[in-house]
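Student: This is the structure I have questions about; it appears just below.
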Amino acid sequence: MKCRIEQRPFAHIYDKAQAGGRVTRSEALELIESVDINGVGAIAETANRRMNAGRASYILNCHINYSNYCRLGCRFCAFSRRAGEDGGFRLSVSEIVDRASKWVEAGITELHIVGGLDPELPFSYYLDLLRELKQLGRGLTLKCFTSIEVLHFARISGRSVEEVLSELKAAGLDMLTGGGAEIFNPEVRRLIAADKESAREYLETHRAWHEMGGRSTCTMLYGHLETLEDRIEHLLMLRRLQDETGGFVGFVPLPYQPHRGGIPVAAAPSGFDSLRTIAVSRIILDNFRHITAYWIGLGTRLAQLALSYGADDLHGTLMDEKIFHMAGATSPEKRIESEMVAAIRQAGKMPAQRDSFYEPLRIWE
């Protein structure tokens with residue numbers, strides 16, 4: 001493999017990946033603009049194997065959305081509703097606990113809970129929710145809320161972000177989710193999510209959480225109005241914060257689903273585009289151990305292929321996932337564990353059930 005790579009223009013980048021070195025912005029652009037997807041994939045897989053030794057993971061988890069009422073009007077979102085619109089919902093704390101308890105009994109280890117910026121729900125609702133869910137089991141991780149939701153909580157409660165995070169943590173929050181990043185370029189962000197908080201606010205909220213000892217994931221929404229340069233800059237900004245805090249446990253690139261969204265894009269990102277984005281993410285994010293191929297957005301087969309292009313995780317069983325499916329994703333709404341294990345094995349990797357922090361719980365030899 002190496003002798004073939006050496007004949008290509010980015011042989012020097014391959015050597016960096018082998019040695020655990022850091023690519024520059026110009027080198028990253030060289031990779032993402034290349035049509036040699038297999039060459040780029042080989043570099044990414046070299047970096048991945050150095051970090052994860054041929055292992056690929058999944059998690060037993062459940063997604064629950066407490067409300068899809070939202071004060072924002074993001075153009076890409078098919079999930080949110082305004083007051084009085086058809087399809088809106090708002091769950092009570094008891095309804096969420098009842099739903100979650102069934103999945104906890106079935107063996108999940110993580111509850112992933114996010115929702116719209118509901119103008120009718122007080123901050124006390126979220127604290128009560130965490131306290132009640134924490135009673136469901138000692139081994140259950142509450143991975144809840146995006147940084148955008150945290151900023152909303154600060155606004156409605158009159159508290160600082162640090163105060164909100166401290167109260168959420170005391171109530172039982174274990175981990176922040178990575179949603180809300182979209183794309184960091186301010187002009188593109190204005191076009192697709194005009195009222196959403198800035199990239200700086202997103203990053204500073206994660207920084208505050210990390211400084212409290214918390215951990216989180218992060219994301220990037222790609223395949224809409226952004227350029228390849230925008231993607232690279234987004235990844236570099238995440239890398240810089242990770243250098244400072246070390247608080248991100250994984251990165252999840254999310255393909256835009258145009259079927260019911262409001263951004264004028266003819267089709268979802270191609271398989272080629274998704275694989276190169278995942279591969280370049282693996283190469284740039286040298287201070288992240290884990291890159292997730294989000295099978296809900298990619299489909300199982302492409303996510304499986306991504307395990308040879310730098311990804312080392314398929315995410316989870318994702319019971320009750322709504323956001324991507326309401327946007328038009330056609331993947332199954334839940335995936336049983338045996339299918340996850342089989343998909344990983346078929347890709348030539350060793351399956352591992354993980355927890356929310358990407359630590360192995362069970363390795364399938």
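Residues are referred to by chain and number: the chain letter is A, B, ... according to the order shown in the structure tokens, the number counts from 1 in that chain, and ligands are numbered separately from 1 in the order shown.
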As a list of chain:residue names, please: the residues near segment 16-22 of chain A (cut-off 8 Å, only C-alpha atoms, same-chain neighbours under 6 positions excluded).
Tutor: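 Counting only C-alpha atoms, the residues come to A:Ile43, A:Ala44, A:Thr46, A:Ala47, A:Arg50, A:Ile283, A:Ile284, A:Asp286.
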Student: Quick one: DSSP strand (DSSP E) residues in segment 228-338 of chain A, as a PDB file with C-alpha atoms, in the first residue's frame?
Tutor:
ATOM      1  CA  PHE A 248     -14.626  16.013  22.970  1.00  0.00           C
ATOM      2  CA  VAL A 249     -14.920  12.221  22.919  1.00  0.00           C
ATOM      3  CA  GLY A 250     -16.034  11.858  19.318  1.00  0.00           C
ATOM      4  CA  PHE A 251     -16.948  13.654  16.093  1.00  0.00           C
ATOM      5  CA  VAL A 252     -20.116  12.934  14.091  1.00  0.00           C
ATOM      6  CA  PRO A 253     -20.358  14.341  10.542  1.00  0.00           C
ATOM      7  CA  LEU A 254     -24.026  14.628   9.520  1.00  0.00           C
ATOM      8  CA  PRO A 255     -25.148  14.565   5.860  1.00  0.00           C
ATOM      9  CA  ASP A 313     -18.034   3.831  15.118  1.00  0.00           C
ATOM     10  CA  LEU A 314     -21.563   3.300  13.734  1.00  0.00           C
ATOM     11  CA  HIS A 315     -23.332   5.214  16.525  1.00  0.00           C
ATOM     12  CA  GLY A 316     -26.176   3.231  18.049  1.00  0.00           C
TER      13      GLY A 316
END
Student: May I ask which of the residues A:Ala28, A:Val23, A:Leu129, A:Ala342 is the closest one to Ile232 of chain A, counting only C-alpha atoms?
Tutor: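 Using only C-alpha atoms, Ile232 of chain A sits closest to A:Ala28.
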Student: Could you pull the residues within 12 Å of Glu30 of chain A, counting only C-alpha atoms, minus those fewer than 5 positions along the same chain, as a list in words?
Tutor: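 Skipping anything fewer than 5 positions along the chain leaves Arg8, Pro9, Phe10, Ala11, His12, Ile13, Val23, Thr24, Arg25, Val35, Asp36, Ile37, Gly39, Val40, Leu228, Glu229, Ile232, Arg276, Val280 and Ile284 of chain A.
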Student: Can you write just those residues out, N, CA, C and O atoms, as a PDB file, in the first residue's frame?
Tutor:
ATOM      1  N   ARG A   8       1.803   9.259  -5.409  1.00  0.00           N
ATOM      2  CA  ARG A   8       0.734  10.232  -5.491  1.00  0.00           C
ATOM      3  C   ARG A   8       1.174  11.560  -4.901  1.00  0.00           C
ATOM      4  O   ARG A   8       2.102  11.616  -4.083  1.00  0.00           O
ATOM      5  N   PRO A   9       0.469  12.645  -5.287  1.00  0.00           N
ATOM      6  CA  PRO A   9       0.888  13.973  -4.828  1.00  0.00           C
ATOM      7  C   PRO A   9       0.876  14.138  -3.320  1.00  0.00           C
ATOM      8  O   PRO A   9       1.587  14.976  -2.798  1.00  0.00           O
ATOM      9  N   PHE A  10       0.044  13.351  -2.590  1.00  0.00           N
ATOM     10  CA  PHE A  10      -0.011  13.526  -1.143  1.00  0.00           C
ATOM     11  C   PHE A  10       0.695  12.413  -0.373  1.00  0.00           C
ATOM     12  O   PHE A  10       0.297  12.053   0.723  1.00  0.00           O
ATOM     13  N   ALA A  11       1.777  11.902  -0.958  1.00  0.00           N
ATOM     14  CA  ALA A  11       2.563  10.890  -0.250  1.00  0.00           C
ATOM     15  C   ALA A  11       3.097  11.428   1.076  1.00  0.00           C
ATOM     16  O   ALA A  11       3.177  10.704   2.070  1.00  0.00           O
ATOM     17  N   HIS A  12       3.442  12.716   1.094  1.00  0.00           N
ATOM     18  CA  HIS A  12       3.973  13.308   2.327  1.00  0.00           C
ATOM     19  C   HIS A  12       2.919  13.330   3.428  1.00  0.00           C
ATOM     20  O   HIS A  12       3.241  13.240   4.612  1.00  0.00           O
ATOM     21  N   ILE A  13       1.633  13.436   3.044  1.00  0.00           N
ATOM     22  CA  ILE A  13       0.561  13.427   4.043  1.00  0.00           C
ATOM     23  C   ILE A  13       0.381  12.016   4.603  1.00  0.00           C
ATOM     24  O   ILE A  13       0.123  11.839   5.795  1.00  0.00           O
ATOM     25  N   VAL A  23      -1.746  17.472   9.877  1.00  0.00           N
ATOM     26  CA  VAL A  23      -1.847  18.081   8.552  1.00  0.00           C
ATOM     27  C   VAL A  23      -2.184  19.559   8.688  1.00  0.00           C
ATOM     28  O   VAL A  23      -2.840  19.998   9.641  1.00  0.00           O
ATOM     29  N   THR A  24      -1.726  20.320   7.720  1.00  0.00           N
ATOM     30  CA  THR A  24      -2.008  21.746   7.674  1.00  0.00           C
ATOM     31  C   THR A  24      -3.322  21.993   6.939  1.00  0.00           C
ATOM     32  O   THR A  24      -3.904  21.087   6.334  1.00  0.00           O
ATOM     33  N   ARG A  25      -3.768  23.256   6.965  1.00  0.00           N
ATOM     34  CA  ARG A  25      -4.986  23.625   6.245  1.00  0.00           C
ATOM     35  C   ARG A  25      -4.831  23.357   4.751  1.00  0.00           C
ATOM     36  O   ARG A  25      -5.739  22.815   4.111  1.00  0.00           O
ATOM     37  N   VAL A  35      -9.860  13.724  -6.307  1.00  0.00           N
ATOM     38  CA  VAL A  35     -10.812  12.704  -6.764  1.00  0.00           C
ATOM     39  C   VAL A  35     -10.313  11.305  -6.418  1.00  0.00           C
ATOM     40  O   VAL A  35     -11.020  10.321  -6.651  1.00  0.00           O
ATOM     41  N   ASP A  36      -9.131  11.217  -5.858  1.00  0.00           N
ATOM     42  CA  ASP A  36      -8.560   9.914  -5.506  1.00  0.00           C
ATOM     43  C   ASP A  36      -9.081   9.494  -4.132  1.00  0.00           C
ATOM     44  O   ASP A  36      -8.369   9.524  -3.130  1.00  0.00           O
ATOM     45  N   ILE A  37     -10.342   9.088  -4.084  1.00  0.00           N
ATOM     46  CA  ILE A  37     -10.988   8.774  -2.815  1.00  0.00           C
ATOM     47  C   ILE A  37     -10.320   7.595  -2.124  1.00  0.00           C
ATOM     48  O   ILE A  37     -10.228   7.558  -0.892  1.00  0.00           O
ATOM     49  N   GLY A  39      -7.102   6.796  -2.312  1.00  0.00           N
ATOM     50  CA  GLY A  39      -5.857   7.274  -1.734  1.00  0.00           C
ATOM     51  C   GLY A  39      -6.093   8.037  -0.446  1.00  0.00           C
ATOM     52  O   GLY A  39      -5.384   7.843   0.543  1.00  0.00           O
ATOM     53  N   VAL A  40      -7.092   8.904  -0.446  1.00  0.00           N
ATOM     54  CA  VAL A  40      -7.442   9.647   0.767  1.00  0.00           C
ATOM     55  C   VAL A  40      -7.911   8.683   1.845  1.00  0.00           C
ATOM     56  O   VAL A  40      -7.550   8.802   3.022  1.00  0.00           O
ATOM     57  N   LEU A 228     -16.147  23.313   0.294  1.00  0.00           N
ATOM     58  CA  LEU A 228     -15.182  22.389   0.879  1.00  0.00           C
ATOM     59  C   LEU A 228     -14.257  23.123   1.846  1.00  0.00           C
ATOM     60  O   LEU A 228     -13.870  22.581   2.884  1.00  0.00           O
ATOM     61  N   GLU A 229     -13.925  24.362   1.522  1.00  0.00           N
ATOM     62  CA  GLU A 229     -13.099  25.168   2.423  1.00  0.00           C
ATOM     63  C   GLU A 229     -13.809  25.409   3.750  1.00  0.00           C
ATOM     64  O   GLU A 229     -13.172  25.409   4.811  1.00  0.00           O
ATOM     65  N   ILE A 232     -13.375  22.369   5.932  1.00  0.00           N
ATOM     66  CA  ILE A 232     -12.028  22.293   6.507  1.00  0.00           C
ATOM     67  C   ILE A 232     -11.887  23.257   7.677  1.00  0.00           C
ATOM     68  O   ILE A 232     -11.365  22.903   8.745  1.00  0.00           O
ATOM     69  N   ARG A 276     -15.352  10.984   1.488  1.00  0.00           N
ATOM     70  CA  ARG A 276     -14.200  11.884   1.563  1.00  0.00           C
ATOM     71  C   ARG A 276     -14.300  12.805   2.777  1.00  0.00           C
ATOM     72  O   ARG A 276     -13.288  13.150   3.392  1.00  0.00           O
ATOM     73  N   VAL A 280     -11.368  12.764   5.495  1.00  0.00           N
ATOM     74  CA  VAL A 280     -10.609  13.976   5.801  1.00  0.00           C
ATOM     75  C   VAL A 280     -10.818  14.396   7.259  1.00  0.00           C
ATOM     76  O   VAL A 280      -9.895  14.897   7.905  1.00  0.00           O
ATOM     77  N   ILE A 284      -7.705  15.163   9.739  1.00  0.00           N
ATOM     78  CA  ILE A 284      -7.525  16.460  10.390  1.00  0.00           C
ATOM     79  C   ILE A 284      -7.601  16.342  11.908  1.00  0.00           C
ATOM     80  O   ILE A 284      -6.787  16.911  12.635  1.00  0.00           O
TER      81      ILE A 284
END
Student: If you count only C-alpha atoms, which residues fall within 10 Å of segment 137-147 of chain A, apart from same-chain ones fewer than 2 positions away, as a PyMOL selection string?
Tutor: chain A and resi 61+63-65+101+104-105+107-116+126+130+133-135+149-153+161+165+168+172-181+197+201-206+209+215-218+355-357
Student: Which distance in Å separates atom CA of Gly73 of chain A and atom CA of Glu85 of chain A, to one decimal?
Tutor: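 Distance between the two atoms: 13.1 Å.
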Student: As an exercise, work out the distance from atom CA of Gly158 of chain A to atom CA of Ser198 of chain A in Å and give it to one decimal place.
Tutor: 19.3 Å
Student: Select, from A:His259, A:Arg71, A:Arg155, A:Arg190, the residue with the minimum atom-to-atom distance to Ala83 of chain A, counting only C-alpha atoms.
Tutor: A:Arg71
Student: Using only C-alpha atoms, determine which residues lie at most 8 Å from Thr317 of chain A, disregarding the query and same-chain residues fewer than 4 positions distant; provide the list as a list in words.
Tutor: Tyr58, Ile59, Leu60, Asn61, Cys62, Lys334, Arg335, Ile336, Glu337 and Met340 of chain A
Student: Keeping only C-alpha atoms, write the selected residues as a PDB file, in the first residue's frame.
Tutor:
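Resulting contents of selection23.pdb:
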ATOM      1  CA  TYR A  58     -21.699   0.835  18.548  1.00  0.00           C
ATOM      2  CA  ILE A  59     -23.875   1.802  21.504  1.00  0.00           C
ATOM      3  CA  LEU A  60     -27.243   0.603  22.776  1.00  0.00           C
ATOM      4  CA  ASN A  61     -29.161   3.854  23.063  1.00  0.00           C
ATOM      5  CA  CYS A  62     -32.493   5.554  22.645  1.00  0.00           C
ATOM      6  CA  LYS A 334     -34.202   1.202  14.982  1.00  0.00           C
ATOM      7  CA  ARG A 335     -31.352  -1.248  14.638  1.00  0.00           C
ATOM      8  CA  ILE A 336     -30.994  -4.308  16.828  1.00  0.00           C
ATOM      9  CA  GLU A 337     -27.623  -5.206  18.297  1.00  0.00           C
ATOM     10  CA  MET A 340     -24.784  -3.789  14.288  1.00  0.00           C
TER      11      MET A 340
END
Student: Go through A:Ile344, A:Met220, A:Ile263, A:Ala42 and flag the residue nearest Cys77 of chain A, using only C-alpha atoms for the distances.
Tutor: A:Ile263
